[in-house]
Each structure stands twice: as C-alpha cells, then as structure tokens.
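protein_23.txt, holding compact mmCIF, C-alpha atoms:
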```txt
# COMPACT_ATOMS: atom_id res chain seq x y z
CA MET S 87 0.00 0.00 0.00
CA HIS S 88 1.34 3.44 -0.96
CA VAL S 89 0.78 6.45 1.26
CA LYS S 90 1.83 10.03 0.75
CA SER S 91 3.85 11.87 3.36
CA PRO S 92 4.78 15.53 3.22
CA GLY S 93 8.43 16.43 2.76
CA VAL S 94 9.79 19.85 3.63
CA ILE S 95 11.11 21.66 0.56
CA GLY S 96 12.14 24.81 2.38
CA LYS S 97 11.63 26.90 5.47
CA GLU S 98 12.23 30.63 5.47
CA ASN S 99 11.95 33.52 7.88
CA SER S 100 11.32 36.70 5.93
CA GLN S 101 10.71 40.31 6.86
CA VAL S 102 8.13 42.53 5.17
CA MET S 103 8.17 46.33 5.59
CA ILE S 104 4.63 47.67 5.91
CA ILE S 105 3.75 51.36 5.55
CA SER S 106 0.15 52.57 5.60
CA ASP S 107 -1.49 55.33 3.63
CA PRO S 108 -1.98 58.50 5.68
CA ILE S 109 -4.49 58.09 8.53
CA ILE S 110 -6.70 60.99 9.57
CA PHE S 111 -7.49 61.18 13.28
CA ASN S 112 -10.95 62.63 14.07
CA VAL S 113 -9.62 63.78 17.44
CA PRO S 114 -6.02 65.00 17.06
CA ILE S 115 -3.36 63.13 19.06
CA TYR S 116 -1.80 64.97 21.98
CA GLU S 117 -0.03 61.96 23.52
CA ILE S 118 0.11 58.26 22.59
CA ILE S 119 -0.62 55.95 25.53
CA GLU S 120 -0.41 52.52 23.89
CA GLU S 121 -0.02 50.98 20.44
CA LYS S 122 -0.57 47.37 19.36
CA CYS S 123 -0.02 45.81 15.93
CA GLN S 124 -1.22 42.37 14.87
CA VAL S 125 -0.27 40.66 11.62
CA LYS S 126 -2.15 37.81 9.99
CA VAL S 127 -1.31 36.05 6.72
CA ILE S 128 -4.64 35.24 5.07
CA ASP S 129 -3.46 33.68 1.81
CA SER S 130 -0.33 32.18 0.28
CA SER S 131 0.37 30.94 -3.23
CA VAL S 132 3.36 28.82 -4.15
CA TYR S 133 5.14 29.49 -7.45
CA ARG S 134 8.43 28.22 -8.83
CA ASP S 135 11.11 29.12 -6.25
CA LYS S 136 8.88 31.58 -4.32
CA VAL S 137 5.77 32.06 -2.22
CA VAL S 138 3.49 35.09 -2.56
CA ILE S 139 1.74 36.05 0.67
CA ASP S 140 -1.22 38.33 1.36
CA GLY S 141 -2.17 39.49 4.81
CA ILE S 142 -3.89 42.02 6.98
CA VAL S 143 -2.58 44.25 9.72
CA LYS S 144 -4.68 45.48 12.61
CA VAL S 145 -3.38 48.48 14.55
CA ASP S 146 -4.92 49.67 17.82
CA ILE S 147 -3.91 53.07 19.20
CA ILE S 148 -4.98 54.41 22.59
CA TYR S 149 -4.14 58.06 22.95
CA LYS S 150 -4.87 61.27 24.74
CA GLY S 151 -6.70 63.70 22.49
CA GLN S 152 -5.99 67.40 22.34
CA LYS S 153 -6.21 69.18 25.68
CA ASP S 154 -9.43 70.99 26.51
CA SER S 155 -10.04 74.07 28.69
CA SER S 156 -9.42 72.04 31.87
CA ASN S 157 -6.00 71.12 30.44
CA GLU S 158 -6.94 67.42 30.36
CA GLY S 159 -7.06 65.46 27.13
CA VAL S 160 -9.82 62.97 26.43
CA ILE S 161 -8.83 59.30 26.06
CA CYS S 162 -9.39 58.09 22.49
CA TYR S 163 -9.19 54.77 20.69
CA HIS S 164 -8.35 54.38 17.01
CA GLU S 165 -8.41 51.09 15.09
CA GLU S 166 -7.00 50.72 11.62
CA GLU S 167 -6.83 47.65 9.37
CA PHE S 168 -5.07 47.40 6.04
CA ASP S 169 -3.72 44.85 3.56
CA PHE S 170 -0.14 43.94 2.74
CA GLY S 171 1.67 41.53 0.46
CA GLY S 172 5.12 40.07 0.03
CA ILE S 173 7.27 37.55 -1.81
CA VAL S 174 9.43 34.97 -0.03
CA LYS S 175 12.12 33.12 -1.97
CA ILE S 176 12.12 29.33 -1.43
CA GLU S 177 14.53 27.46 -3.74
CA GLY S 178 12.97 24.32 -5.18
CA ALA S 179 9.35 25.32 -4.54
CA LEU S 180 6.83 24.34 -7.24
CA PRO S 181 3.23 25.46 -7.85
CA GLU S 182 1.80 22.11 -6.67
CA ASP S 183 3.50 22.44 -3.26
CA SER S 184 1.75 23.54 -0.07
CA CYS S 185 2.66 26.44 2.18
CA ILE S 186 2.27 26.48 5.95
CA ILE S 187 2.53 29.79 7.79
CA LYS S 188 4.36 28.93 11.02
CA GLU S 189 4.39 32.44 12.48
CA ALA S 190 3.47 36.02 11.62
CA ALA S 191 4.40 38.72 14.11
CA VAL S 192 5.44 42.34 14.39
CA SER S 193 9.13 42.51 15.23
CA ASP S 194 10.08 46.14 15.04
CA TYR S 195 8.00 49.23 14.66
CA LYS S 196 7.53 52.89 15.15
CA SER S 197 3.92 52.78 14.32
CA VAL S 198 2.70 56.37 14.43
CA ILE S 199 4.79 58.64 12.22
CA PRO S 200 3.26 62.13 12.20
CA GLN S 201 2.56 63.65 8.78
CA THR S 202 0.69 66.84 9.73
CA ARG S 203 0.18 68.72 12.99
CA ASP S 204 -2.06 71.55 14.12
CA THR S 205 -0.77 74.83 15.60
CA SER S 206 -0.57 73.21 19.07
CA SER S 207 1.58 70.33 17.68
CA ASN S 208 -1.24 67.76 18.01
CA ILE S 209 -1.01 65.05 15.34
CA LEU S 210 -3.72 65.39 12.67
CA THR S 211 -2.51 62.73 10.21
CA ALA S 212 0.10 59.98 10.43
CA ARG S 213 1.39 56.86 8.73
CA ILE S 214 1.96 53.52 10.41
CA LYS S 215 5.28 51.81 9.68
CA PHE S 216 6.66 48.52 10.95
CA ILE S 217 8.37 45.26 10.04
CA ALA S 218 6.53 41.94 10.07
CA ASP S 219 8.42 38.66 10.55
CA ILE S 220 6.87 35.83 8.54
CA LEU S 221 8.05 32.25 9.09
CA LEU S 222 6.77 29.81 6.50
CA GLU S 223 7.39 26.28 5.34
CA VAL S 224 6.83 24.77 1.89
CA THR S 225 6.00 21.06 1.76
CA ARG S 226 5.48 18.56 -1.04
CA GLU S 227 3.55 15.30 -0.92
CA ARG S 228 5.98 12.45 -1.55
CA PRO S 229 5.00 8.86 -2.21
CA GLY S 230 6.00 6.56 0.63
CA GLN S 231 5.69 2.91 1.58
CA SER S 232 3.69 1.72 4.57
CA ASN S 233 4.77 -1.28 6.62
CA SER S 234 1.44 -3.12 6.40
```

If you took the structure in this file and wrote it as structure tokens, what would it be?
Amino acid sequence: MHVKSPGVIGKENSQVMIISDPIIFNVPIYEIIEEKCQVKVIDSSVYRDKVVIDGIVKVDIIYKGQKDSSNEGVICYHEEEFDFGGIVKIEGALPEDSCIIKEAAVSDYKSVIPQTRDTSSNILTARIKFIADILLEVTRERPGQSNS
C-alpha cells in the first residue's frame, strides 16, 4: 500500500516592511498611551522558487486627544486595518507544493509617524510603519511505503 507523506522543501523567515497610507485622526493626538499591531497572513500561493503572501494588519492606538479648557485630554481609541503583500524566496518550490505559515508577528516598529500637525503640535494625520516577521514552510507530498 502506498501512502503520501509531506516532505519539507524549504523553510524561510522573511521580513516585510509595511507602511500605511496616511491616517486621519478625528480627534487630534496629543499623547500616545499605547499601540498594538497584529499581523495575519490570510493567503499564500506557491510558485516556482517563491511564495506570494497576502495578509492584513490590525493596529490599535490608545491616545490622549488634544487638551481641553481644563487642560486634560480625552482618552481616544483608534483602530486601523489594512492589507499587505510580500514575496518569499524558497529554492525548489513548485506550484503544486503547499505552504504552511508557522508564524506572523510584528518585530520592530515605530507605528505612528506624524505627517501633519495643528498649531498646538497635536497630530492630525500619520502613517503607520513597521516590520513583520513571517516564518513559512513549503511542503510537497511524496509517495512513501507503509509497513502493512
């Protein structure tokens, strides 16, 4: 009896630089309290010697809005989600192979990069920029022999 078992063709850890379009904040940012970025690969396609990945990024920003007359800023929450893509080189990969995403995480970022400010230096628009680490594995079904 013949069974198929997957063989690993290649494993690669790749970095993808992600930069958003400008984001407009309804309440200008006075001070950033917390930022979180999450990366998720939602699709991968194997081609000869490479894998094309598509993913989404979710960014959560908690910040203090511009100060009011009492000199206290209101606490605001902003959520942004956008798409990204990348190409990872895997020597020996073929279109009939499978791709397994082992890990997708944010490794390094300075997420809020101000683009415009008001006269009090509050941030009106910004871009989000960071690096995503993507660890993937390409496998191929190989015929094998069972011991039965």

Atomic separation - CA of Val125 (chain S) relative to CA of Glu223 (chain S), Å:
17.5 Å

S:Asp129, S:Glu177, S:Asp146, S:Glu121 ranked by distance to Tyr195 (chain S), top pick (using all atoms listed in the file):
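Comparing S:Asp129, S:Glu177, S:Asp146, S:Glu121 against Tyr195 (chain S), the winner is S:Glu121.
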
Kindly indicate which residue among S:Val113, S:Val192, S:Ala218, S:Val102 lies nearest to His164 (chain S), using all atoms listed in the file for the distances.
S:Val113

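Nearest-residue note for Ile176 (chain S): choosing from S:Gln124, S:Ser193, S:Gln101, S:Thr225, the minimum distance belongs to S:Thr225, counting all atoms listed in the file.
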
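For the set S:Asp107, S:Glu166, S:Glu98, S:Glu120, the residue with the smallest atom-to-atom gap to Ile220 (chain S) is S:Glu98, counting all atoms listed in the file.
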
Set the distance at 9 Å and use all atoms listed in the file: which residues neighbour Val137 (chain S) once local chain neighbours fewer than 3 positions away are removed? I'd like the list as a PyMOL selection string.
chain S and resi 130-134+172-176+179+185+224

Atom pair CA of Ile119 (chain S) / CA of Pro200 (chain S): separation (Å):
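According to the coordinates, CA of Ile119 (chain S) and CA of Pro200 (chain S) are separated by 15.2 Å.
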
If you count all atoms listed in the file, the residue of S:Pro108, S:Asp135, S:Glu227, S:Ile148 closest to Val160 (chain S) turns out to be S:Ile148

Provide the CA of Ser206 (chain S) to CA of Cys123 (chain S) distance in Å, to one decimal place.
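Rounded to one decimal, the two atoms are 27.6 Å apart.
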
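Nearest-residue note for Ile95 (chain S): choosing from S:Ser184, S:Ser207, S:Ser197, S:Thr202, the minimum distance belongs to S:Ser184, counting all atoms listed in the file.
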
Could you put an axis-aligned box around every listed atom of region 221-224 of chain S, padded by 4 Å on each side, and send me its centre and edge lengths in Å to one decimal, as JSON?
```
{"center_x": 7.4, "center_y": 28.5, "center_z": 5.5, "size_x": 9.3, "size_y": 15.5, "size_z": 15.2}
```

Could you pull out every residue with an atom within 7 Å of (-2.7, 50.0, 11.3), file coordinates, counting only C-alpha atoms, and send them as a ChimeraX atom specification?
/S:106,123,143-146,165-168,214

What would the list of residues within 6 Å of (11.5, 30.0, 4.9) (file frame) look like as a VMD selection string, if only C-alpha atoms are what count?
chain S and resid 96 to 99 221 to 223
